[in-house]
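I have placed the structure first, in the form of structure tokens, so that the comments after it can refer back to it.
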Amino acid sequence: MRKASVERKTKETSIKVSVNLDGKGAGKINTGIGFFDHMLMQIACHGLIDLNVEAKGDLHIDAHHTVEDVGICIGQALRKAWGDRKGLVRMGTAYVPLDEALTRTAIDLSGRPYFVWNVAFTAPKIGDFDVELVEEFFKSLCFNAQINLHIETLHGRNNHHIAETCFKSCARALRAATAVDPRAKAAVPSTKGTL
């Protein structure tokens, strides 16, 4: 039962998100932002998380509110889905290359949010998508999932590749961190006994 759903409605956005941590990587994504939909599919596919996102936002202004609020909702849904974190591996790291780009993500499902972003894009947009929104998404996800999240692009020139390695490496690190540890299925992965 590692599933959860979240709905968020504001004057700027209306969002429904559902996650299944034990899924097969299926995604049904519709945010009205084509590039963002493509990136969210990387989380589903490479995290083996069934992810449904239905978002309507004030895209006549720009994509900022939609991207940020989707990050909020996915973060909250993930936190609900892993519950008290008993039996989870808790930490995960992944390096993901895509042609010339290479990104490393490290995650700790610590319950203490902290966000480190060391990613440099070479242009302000990918198509009509503002690259600064990639950071906004991950920051929102981090603080609402209450995780420690470090994302660093070690090198890359193509902005699409850089962004995609951020999403893929985050997905792979999440997959590792949320895996059930067969040697500690009933234990909270902390010397404190709680997270």
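Every chain in the structure tokens has a letter given in the order shown (A, B, ...), and although residue numbers restart at 1 in each chain, ligands are simply numbered from 1 in the order shown.
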If you run DSSP on the backbone here, which positions in stretch 1-194 of chain A get alpha helix (DSSP H)? Please write them as number ranges by chain. A: 34-47, 64-82, 132-145, 159-177
Contacts between stretch 22-41 of chain A and stretch 148-193 of chain A, please, where a residue of stretch 148-193 of chain A counts if it comes within 10 Å (with only C-alpha atoms); show its shortest atom pair and distance in Å to one decimal, rows by chain and ascending number, as a Markdown table.
```
| residue | atom | partner | partner_atom | distance |
| --- | --- | --- | --- | --- |
| A:His160 | CA | A:Phe35 | CA | 9.2 |
| A:Ala163 | CA | A:Met39 | CA | 7.9 |
| A:Glu164 | CA | A:Met39 | CA | 6.3 |
| A:Thr165 | CA | A:Met39 | CA | 9.4 |
| A:Cys166 | CA | A:Met39 | CA | 9.1 |
| A:Phe167 | CA | A:Met39 | CA | 6.2 |
| A:Lys168 | CA | A:Met39 | CA | 8.2 |
| A:Ala171 | CA | A:Leu40 | CA | 9.4 |
| A:Arg175 | CA | A:Asp22 | CA | 9.6 |
| A:Thr178 | CA | A:Asp22 | CA | 9.4 |
| A:Ala179 | CA | A:Asp22 | CA | 8.9 |
```
Proximity of stretch 126-167 of chain A to stretch 73-88 of chain A: per-residue shortest pair, 7 Å limit, only C-alpha atoms, as CSV:
```
residue,atom,partner,partner_atom,distance
A:Leu141,CA,A:Gly75,CA,4.3
A:Cys142,CA,A:Gly75,CA,6.5
A:Asn144,CA,A:Gly75,CA,4.7
A:Ala145,CA,A:Gly75,CA,4.1
```
For A:Leu149, the closest of A:Val180, A:Leu51, A:Ala173, A:Val67 counting only C-alpha atoms is A:Ala173
One residue among A:Leu21, A:Asp62, A:Ala120, A:Thr13 is nearest to A:Cys45 when using only C-alpha atoms, and that residue is A:Leu21
DSSP strand (DSSP E or B) residues within stretch 49-117 of chain A, listed as JSON, numbers by chain: {"A": [50, 51, 52, 53, 54, 55, 56, 57, 88, 91, 92, 93, 94, 95, 96, 97, 98, 101, 102, 103, 104, 105, 106, 107, 108, 114, 115, 116, 117]}
Residue nearest A:Val116 among A:Phe143, A:Asn148, A:Thr93, A:Asp99 (counting only C-alpha atoms): A:Asn148
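One distance worth recording is that between atom CA of A:Glu132 and atom CA of A:Asn158, which is 14.9 Å.
Taking only C-alpha atoms into account, A:Asp108 lies nearest to A:Pro189 out of the set A:Gly57, A:Gly47, A:Pro182, A:Pro189.
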